[in-house]
Each structure stands twice: as structure tokens, then as C-alpha cells.
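Engineer: The following file, coords.csv, comprises CSV, C-alpha atoms:
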chain,number,residue,atom,x,y,z
A,1,MET,CA,3.2,29.7,9.9
A,2,HIS,CA,1.4,31.6,12.6
A,3,ILE,CA,-2.2,31.0,13.5
A,4,ALA,CA,-3.7,33.4,16.1
A,5,ILE,CA,-6.9,32.9,18.1
A,6,LEU,CA,-8.3,36.2,19.3
A,7,THR,CA,-9.5,35.7,22.8
A,8,PHE,CA,-11.1,38.5,24.8
A,9,GLU,CA,-12.3,39.0,28.4
A,10,GLY,CA,-15.3,36.7,29.1
A,11,TYR,CA,-14.1,34.3,26.4
A,12,ASN,CA,-15.7,30.9,25.9
A,13,GLU,CA,-13.2,28.1,26.7
A,14,LEU,CA,-14.7,25.7,24.2
A,15,ASP,CA,-14.3,28.2,21.3
A,16,SER,CA,-10.7,29.2,21.9
A,17,LEU,CA,-9.1,26.2,23.6
A,18,ILE,CA,-10.6,23.4,21.4
A,19,ALA,CA,-9.4,25.2,18.3
A,20,LEU,CA,-6.0,25.6,20.0
A,21,GLY,CA,-5.8,21.9,20.7
A,22,VAL,CA,-6.9,20.7,17.3
A,23,LEU,CA,-4.6,23.2,15.5
A,24,ASN,CA,-1.6,22.0,17.6
A,25,ARG,CA,-2.0,18.5,16.2
A,26,VAL,CA,0.1,19.8,13.3
A,27,ARG,CA,3.7,19.0,14.2
A,28,THR,CA,5.9,20.9,11.9
A,29,ASP,CA,8.8,23.2,12.9
A,30,ASP,CA,7.3,26.4,11.4
A,31,TRP,CA,3.8,25.9,12.8
A,32,ARG,CA,2.8,28.2,15.7
A,33,VAL,CA,-0.6,28.7,17.3
A,34,THR,CA,-1.1,31.4,19.8
A,35,ILE,CA,-3.8,32.9,22.0
A,36,ALA,CA,-3.9,36.6,21.1
A,37,THR,CA,-5.4,38.9,23.7
A,38,PRO,CA,-5.8,42.7,24.2
A,39,ALA,CA,-4.3,42.4,27.7
A,40,PRO,CA,-1.6,40.4,29.5
A,41,LYS,CA,-4.3,38.1,31.0
A,42,VAL,CA,-8.0,37.5,30.2
A,43,THR,CA,-10.6,35.6,32.3
A,44,SER,CA,-13.2,33.2,30.7
A,45,MET,CA,-16.9,33.3,31.2
A,46,ASN,CA,-16.3,30.5,33.8
A,47,GLY,CA,-13.3,32.0,35.5
A,48,VAL,CA,-10.4,30.4,33.7
A,49,VAL,CA,-7.5,32.8,33.5
A,50,ILE,CA,-5.0,32.5,30.6
A,51,GLU,CA,-1.9,34.6,29.7
A,52,GLN,CA,-1.3,36.4,26.5
A,53,MET,CA,0.8,34.5,23.9
A,54,SER,CA,0.6,37.2,21.2
A,55,THR,CA,-0.8,40.7,20.8
A,56,LEU,CA,-3.7,41.8,18.7
A,57,GLU,CA,-1.2,43.6,16.5
A,58,GLU,CA,0.8,40.4,16.0
A,59,ALA,CA,-2.4,38.6,15.1
A,60,CYS,CA,-3.1,41.0,12.3
A,61,ALA,CA,0.1,39.9,10.7
A,62,ALA,CA,-0.6,36.2,11.2
A,63,ASP,CA,-1.2,33.7,8.4
A,64,ALA,CA,-4.5,32.8,9.8
A,65,VAL,CA,-6.8,34.2,12.5
A,66,ILE,CA,-9.7,32.8,14.5
A,67,VAL,CA,-11.9,35.4,16.2
A,68,GLY,CA,-13.1,33.7,19.3
A,69,SER,CA,-16.4,34.1,21.1
A,70,GLY,CA,-17.5,35.0,24.6
A,71,ILE,CA,-20.1,36.8,26.7
A,72,ALA,CA,-18.6,40.3,26.2
A,73,THR,CA,-18.4,40.4,22.4
A,74,ARG,CA,-20.9,43.3,22.2
A,75,GLU,CA,-18.6,45.2,24.5
A,76,VAL,CA,-15.6,44.3,22.3
A,77,VAL,CA,-17.1,45.7,19.1
A,78,GLU,CA,-17.8,49.0,20.9
A,79,ASP,CA,-14.2,49.3,22.1
A,80,PRO,CA,-12.4,51.7,19.7
A,81,ALA,CA,-8.9,50.6,21.0
A,82,ILE,CA,-9.6,47.0,20.0
A,83,MET,CA,-11.5,47.6,16.8
A,84,ASN,CA,-9.0,50.1,15.5
A,85,VAL,CA,-6.3,47.4,15.8
A,86,LEU,CA,-8.4,44.7,14.2
A,87,ARG,CA,-9.0,46.9,11.1
A,88,GLY,CA,-5.6,45.5,10.2
A,89,LEU,CA,-7.1,42.1,9.5
A,90,ASP,CA,-7.0,41.5,5.7
A,91,PRO,CA,-8.5,38.5,4.0
A,92,SER,CA,-6.5,39.2,0.8
A,93,ARG,CA,-3.4,38.0,2.7
A,94,GLN,CA,-4.6,35.8,5.6
A,95,LEU,CA,-7.3,33.3,6.4
A,96,ILE,CA,-9.9,34.9,8.8
A,97,ALA,CA,-12.3,32.7,10.7
A,98,ALA,CA,-14.9,33.6,13.3
A,99,GLN,CA,-16.4,31.3,16.0
A,100,CYS,CA,-20.0,32.1,17.2
A,101,SER,CA,-20.1,35.7,18.4
A,102,GLY,CA,-16.8,36.3,16.6
A,103,ALA,CA,-19.0,36.8,13.5
A,104,LEU,CA,-20.3,40.0,15.1
A,105,VAL,CA,-16.7,41.3,15.1
A,106,LEU,CA,-16.3,40.5,11.4
A,107,ALA,CA,-19.6,42.1,10.6
A,108,ARG,CA,-18.6,45.3,12.4
A,109,LEU,CA,-15.3,45.3,10.5
A,110,GLY,CA,-17.1,45.1,7.2
A,111,LEU,CA,-15.7,41.7,6.3
A,112,LEU,CA,-19.1,40.0,5.9
A,113,GLU,CA,-20.5,42.3,3.2
A,114,ASP,CA,-22.4,40.0,0.7
A,115,ILE,CA,-21.2,37.0,2.7
A,116,PRO,CA,-23.6,34.9,4.8
A,117,ALA,CA,-22.4,33.7,8.2
A,118,CYS,CA,-22.8,31.1,10.8
A,119,THR,CA,-23.1,31.9,14.5
A,120,ASP,CA,-24.6,30.7,17.7
A,121,LEU,CA,-28.3,31.2,18.5
A,122,THR,CA,-27.7,33.9,21.1
A,123,THR,CA,-25.6,36.0,18.8
A,124,ARG,CA,-27.8,35.5,15.7
A,125,PRO,CA,-30.1,38.5,16.2
A,126,TRP,CA,-27.1,40.8,16.7
A,127,VAL,CA,-25.4,39.6,13.5
A,128,VAL,CA,-28.7,39.9,11.6
A,129,ALA,CA,-29.1,43.5,13.0
A,130,ALA,CA,-25.6,44.2,11.6
A,131,GLY,CA,-27.0,43.4,8.1
A,132,VAL,CA,-25.6,39.9,7.7
A,133,GLU,CA,-27.6,36.9,6.6
A,134,VAL,CA,-27.2,34.1,9.1
A,135,LEU,CA,-27.4,30.5,7.9
A,136,ASP,CA,-28.9,27.6,9.8
A,137,GLN,CA,-25.8,25.4,9.6
A,138,PRO,CA,-22.6,24.9,11.5
A,139,PHE,CA,-20.0,26.1,9.0
A,140,TYR,CA,-19.6,28.3,6.0
A,141,ALA,CA,-16.7,29.7,4.1
A,142,LYS,CA,-16.1,31.9,1.1
A,143,ASP,CA,-12.6,32.5,-0.2
A,144,ASN,CA,-10.5,33.3,2.8
A,145,ILE,CA,-13.3,34.0,5.3
A,146,ALA,CA,-15.0,31.3,7.4
A,147,THR,CA,-17.6,31.3,10.2
A,148,ALA,CA,-18.9,28.6,12.5
A,149,GLY,CA,-21.9,28.4,14.8
A,150,GLY,CA,-22.0,26.3,18.0
A,151,CYS,CA,-19.1,25.8,20.4
A,152,LEU,CA,-18.2,22.3,19.1
A,153,ALA,CA,-18.1,23.6,15.5
A,154,SER,CA,-14.7,25.1,16.5
A,155,THR,CA,-13.2,21.8,15.3
A,156,TYR,CA,-14.5,22.6,11.8
A,157,LEU,CA,-12.8,26.0,11.8
A,158,ALA,CA,-9.6,24.4,12.9
A,159,ALA,CA,-9.8,21.7,10.3
A,160,TRP,CA,-10.6,24.2,7.6
A,161,ILE,CA,-7.5,26.3,8.5
A,162,ILE,CA,-5.3,23.1,8.6
A,163,ALA,CA,-6.6,22.0,5.2
A,164,ARG,CA,-6.0,25.4,3.7
A,165,LEU,CA,-2.5,25.7,5.0
A,166,GLU,CA,-1.2,22.1,5.3
A,167,GLY,CA,-3.5,20.0,3.2
A,168,ASN,CA,-6.4,17.7,3.6
A,169,GLY,CA,-4.3,14.8,5.0
A,170,ALA,CA,-3.1,16.9,7.9
A,171,ALA,CA,-6.6,18.1,8.7
A,172,GLU,CA,-8.0,14.6,8.6
A,173,GLY,CA,-5.3,13.4,10.9
A,174,ALA,CA,-6.0,16.2,13.4
A,175,LEU,CA,-9.8,15.4,13.4
A,176,HIS,CA,-9.2,11.7,13.7
A,177,TYR,CA,-7.0,12.2,16.7
A,178,VAL,CA,-9.6,14.3,18.7
A,179,ALA,CA,-12.6,12.3,17.6
A,180,PRO,CA,-14.3,10.0,20.2
A,181,VAL,CA,-13.0,6.4,20.2
A,182,GLY,CA,-15.4,4.1,18.4
A,183,GLU,CA,-16.8,7.0,16.4
A,184,LYS,CA,-13.7,8.3,14.6
A,185,GLU,CA,-14.7,7.4,11.1
A,186,GLU,CA,-18.2,8.7,11.5
A,187,TYR,CA,-17.0,11.9,13.1
A,188,VAL,CA,-14.4,12.6,10.5
A,189,GLU,CA,-16.8,11.9,7.7
A,190,ARG,CA,-19.4,14.3,9.2
A,191,ALA,CA,-16.7,17.0,9.5
A,192,TRP,CA,-15.6,16.6,5.9
A,193,ARG,CA,-19.2,16.8,4.8
A,194,ASN,CA,-19.5,20.2,6.3
A,195,ILE,CA,-16.0,21.5,5.3
A,196,THR,CA,-15.3,20.1,1.8
A,197,PRO,CA,-17.9,22.2,-0.1
A,198,TYR,CA,-15.9,25.3,1.0
A,199,LEU,CA,-12.4,24.2,0.2
A,200,PRO,CA,-10.7,25.3,-3.1
A,201,ALA,CA,-11.2,22.8,-5.9
A,202,PRO,CA,-8.0,20.7,-6.5
A,203,ALA,CA,-5.9,21.8,-9.4
A,204,PRO,CA,-6.5,19.8,-12.5
A,205,ALA,CA,-3.9,17.2,-13.3
A,206,SER,CA,-1.4,18.2,-15.9
A,207,ALA,CA,-1.8,16.5,-19.3
A,208,PRO,CA,0.8,13.9,-20.0
A,209,VAL,CA,3.7,15.0,-22.2
A,210,PRO,CA,3.8,12.9,-25.4
A,211,ALA,CA,6.8,10.8,-25.9
A,212,PRO,CA,9.1,12.0,-28.7
A,213,ALA,CA,8.8,10.2,-32.0
A,214,LEU,CA,11.5,7.8,-32.8
A,215,GLY,CA,13.2,7.4,-36.1
What's the C-alpha cells form of this structure?

Structural biologist:
Amino acid sequence: MHIAILTFEGYNELDSLIALGVLNRVRTDDWRVTIATPAPKVTSMNGVVIEQMSTLEEACAADAVIVGSGIATREVVEDPAIMNVLRGLDPSRQLIAAQCSGALVLARLGLLEDIPACTDLTTRPWVVAAGVEVLDQPFYAKDNIATAGGCLASTYLAAWIIARLEGNGAAEGALHYVAPVGEKEEYVERAWRNITPYLPAPAPASAPVPAPALG
């Protein structure tokens, strides 16, 4: 299972790296989380340099993708080389999530048609200008597409992906681990309050098979 976090030049550390940390609380052999970048190295808005763990092309083949945020997202969506690769993202076969200004990338790719989105306050007017309704809430998902607004809402995106791929128990465990001591139950409860309405309904229990008649 491969989860890729798209991370561009000028990225926001809280958006990419918090999600990376929460997602890596899943400890199974086939679970892999990578930072996917368009170049061998990218530098954050605060000067933190990280190396590429996967390419954008590899991200387009991943099981789940988070489009990270940053101060140069408007430049990203105007870059044909990047956007042509990202047209390979496909919600029919992968989970696609966007953090803050990552919603602008999804909007430009046409993935938010008839789907409202969450984003940060700075990005909001750009997403609205792209023809997308922006909600005043931290998280929203429909089918295989999710968006979150506000840096610390990145935990909600990570938990949604874990719940979808590994189940609610794994997601709750990851959230509980990162939550502040003394506030863990409250923190997890608040997270589930935001995430649960957008998770698929559990399958109905099978009807019991009647016992065969005797005699």
C-alpha cells in the first residue's frame, strides 16, 4: 500500500510532515508513505530541505495521494510540466486528498466539479475563483476525494486515509498516539466528529442462516 504526499518547492512543513508522521503510525509490512516531489530536493517556506522519496509519476500510481500545500501553489498550477503529470491522478482507482492550497491543484485538474472543498483562508479566494464552493469547516470528503483546511487539519486527512485503507481501529490508534497527553480522548473524539460523516457506511450484517430442521 503506497501513500504519496505531493510536496512542492515552498511547501508548508506542517501540511506534509504531520501527515507523514501520522500515516507512519501504521506498522504493516506493505504500508509505505513517501514524499513525492518534482525535483530531487525541495525547500520549505521556512528553509527546510527534504529529499525526494518518490516521483510525481509514482504518486499517480499510488493507492492514496495527499496534495500538500505551500506558498508557491499558484506557480505549481501554472507549470505545465507538473500539471501534465498530475493529470494521471484518478479518483476511480485511488484516494485523493488535498491539504489547504492543494485544493487549488485539484480544482485546476477538474477533480472538484460539483464537489465543495475545504481550504485555508489565504487560498479560499483562489479556489472560489476556480469555480469551487469553499466550506467553512476543517474537513470534507465525497467518495474518494477529500480536502482539509488549516495546517493542523492534516491529521484529519491522514486519519481518513488510514480509516479507508486499514480500518477505523488503525486510524483511531494513530490519532491517539499523536494527541496531546491529558487530552487524548477529547482530541480523538473531535477528530472522529469531523471525519465519520464522510466515511463509507459499514456493510449491513448478514442475516443468520436458519438451522436445518431435524426429524

Engineer: Looking at A:Val33, A:Leu175, A:Ala191, A:Leu56, which one is nearest to Ala81 (chain A), with distances taken over only C-alpha atoms?

Structural biologist: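 Once distances to Ala81 (chain A) are computed over only C-alpha atoms, the minimum belongs to A:Leu56.
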
Engineer: Between region 82-126 of chain A and region 5-24 of chain A, at 12 Å or less, what are the per-residue closest atom pairs and their distances in Å? Count only C-alpha atoms, order by chain and rising residue number, and return it as a Markdown table.

Structural biologist:
| residue | atom | partner | partner_atom | distance |
| --- | --- | --- | --- | --- |
| A:Ile82 | CA | A:Phe8 | CA | 9.9 |
| A:Val85 | CA | A:Leu6 | CA | 11.9 |
| A:Leu86 | CA | A:Leu6 | CA | 9.9 |
| A:Leu89 | CA | A:Leu6 | CA | 11.5 |
| A:Leu95 | CA | A:Ile5 | CA | 11.7 |
| A:Ile96 | CA | A:Ile5 | CA | 10.0 |
| A:Ala97 | CA | A:Ile5 | CA | 9.2 |
| A:Ala98 | CA | A:Leu6 | CA | 9.3 |
| A:Gln99 | CA | A:Asp15 | CA | 6.5 |
| A:Cys100 | CA | A:Asp15 | CA | 8.0 |
| A:Ser101 | CA | A:Asp15 | CA | 9.9 |
| A:Gly102 | CA | A:Leu6 | CA | 8.9 |
| A:Val105 | CA | A:Leu6 | CA | 10.7 |
| A:Thr119 | CA | A:Asp15 | CA | 11.7 |
| A:Asp120 | CA | A:Asp15 | CA | 11.2 |

Engineer: For CA of Glu78 (chain A) and CA of Ala117 (chain A), quote the distance in Å rounded to one decimal.

Structural biologist: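 Computed distance, CA of Glu78 (chain A) to CA of Ala117 (chain A), equals 20.4 Å.
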
Engineer: For a test of reading the model, state the distance in Å between CA of Val77 (chain A) and CA of Leu104 (chain A), rounded to one decimal.

Structural biologist: 7.7 Å

Engineer: Env of Arg93 (chain A): 12 Å cut, atoms = all atoms listed in the file, seq-sep filter 3 positions within chain, self excluded. Answer as an MDAnalysis selection string.

Structural biologist: chainID A and resid 60:65 88:90 96 143:145

Engineer: Under the rule that all atoms listed in the file are counted, which of A:Glu133, A:Glu58, A:Asp114, A:Glu172 is the nearest residue to Glu185 (chain A)?

Structural biologist: A:Glu172

Engineer: In Å, with one decimal, what is the gap from CA of Glu57 (chain A) to CA of Ile35 (chain A)?

Structural biologist: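 Value for the CA of Glu57 (chain A)-CA of Ile35 (chain A) distance: 12.3 Å.
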
Engineer: Which of these residues is nearest to Pro116 (chain A), using all atoms listed in the file: A:Ala130, A:Leu152, A:Met45, A:Ala170?

Structural biologist: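 Among the listed residues, the smallest separation from Pro116 (chain A) belongs to A:Ala130.
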
Engineer: For each of A:Thr122, A:Asn84, A:Ser69, A:Gln52, take the minimum atom-to-atom distance to Thr147 (chain A), counting all atoms listed in the file, then give the residue where this is smallest.

Structural biologist: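 For Thr147 (chain A), the nearest of the candidates is A:Ser69.
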
Engineer: Could you tell me which of A:Gly47, A:Gly68, A:Gly182, A:Gly167 comes closest to Pro200 (chain A) if we count only C-alpha atoms?

Structural biologist: A:Gly167

Engineer: Can you tell me, as a PyMOL selection string, which residues sit within 12 Å of (-14.4, 21.5, 4.1) in the file's frame, using only C-alpha atoms?

Structural biologist: chain A and resi 138-143+146-148+155-164+167-168+171-172+188-201

Engineer: Given all atoms listed in the file as the basis, pick out the residue of A:His2, A:Gly110, A:Ile115, A:Trp126 nearest to Trp31 (chain A).

Structural biologist: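 For Trp31 (chain A), the nearest of the candidates is A:His2.
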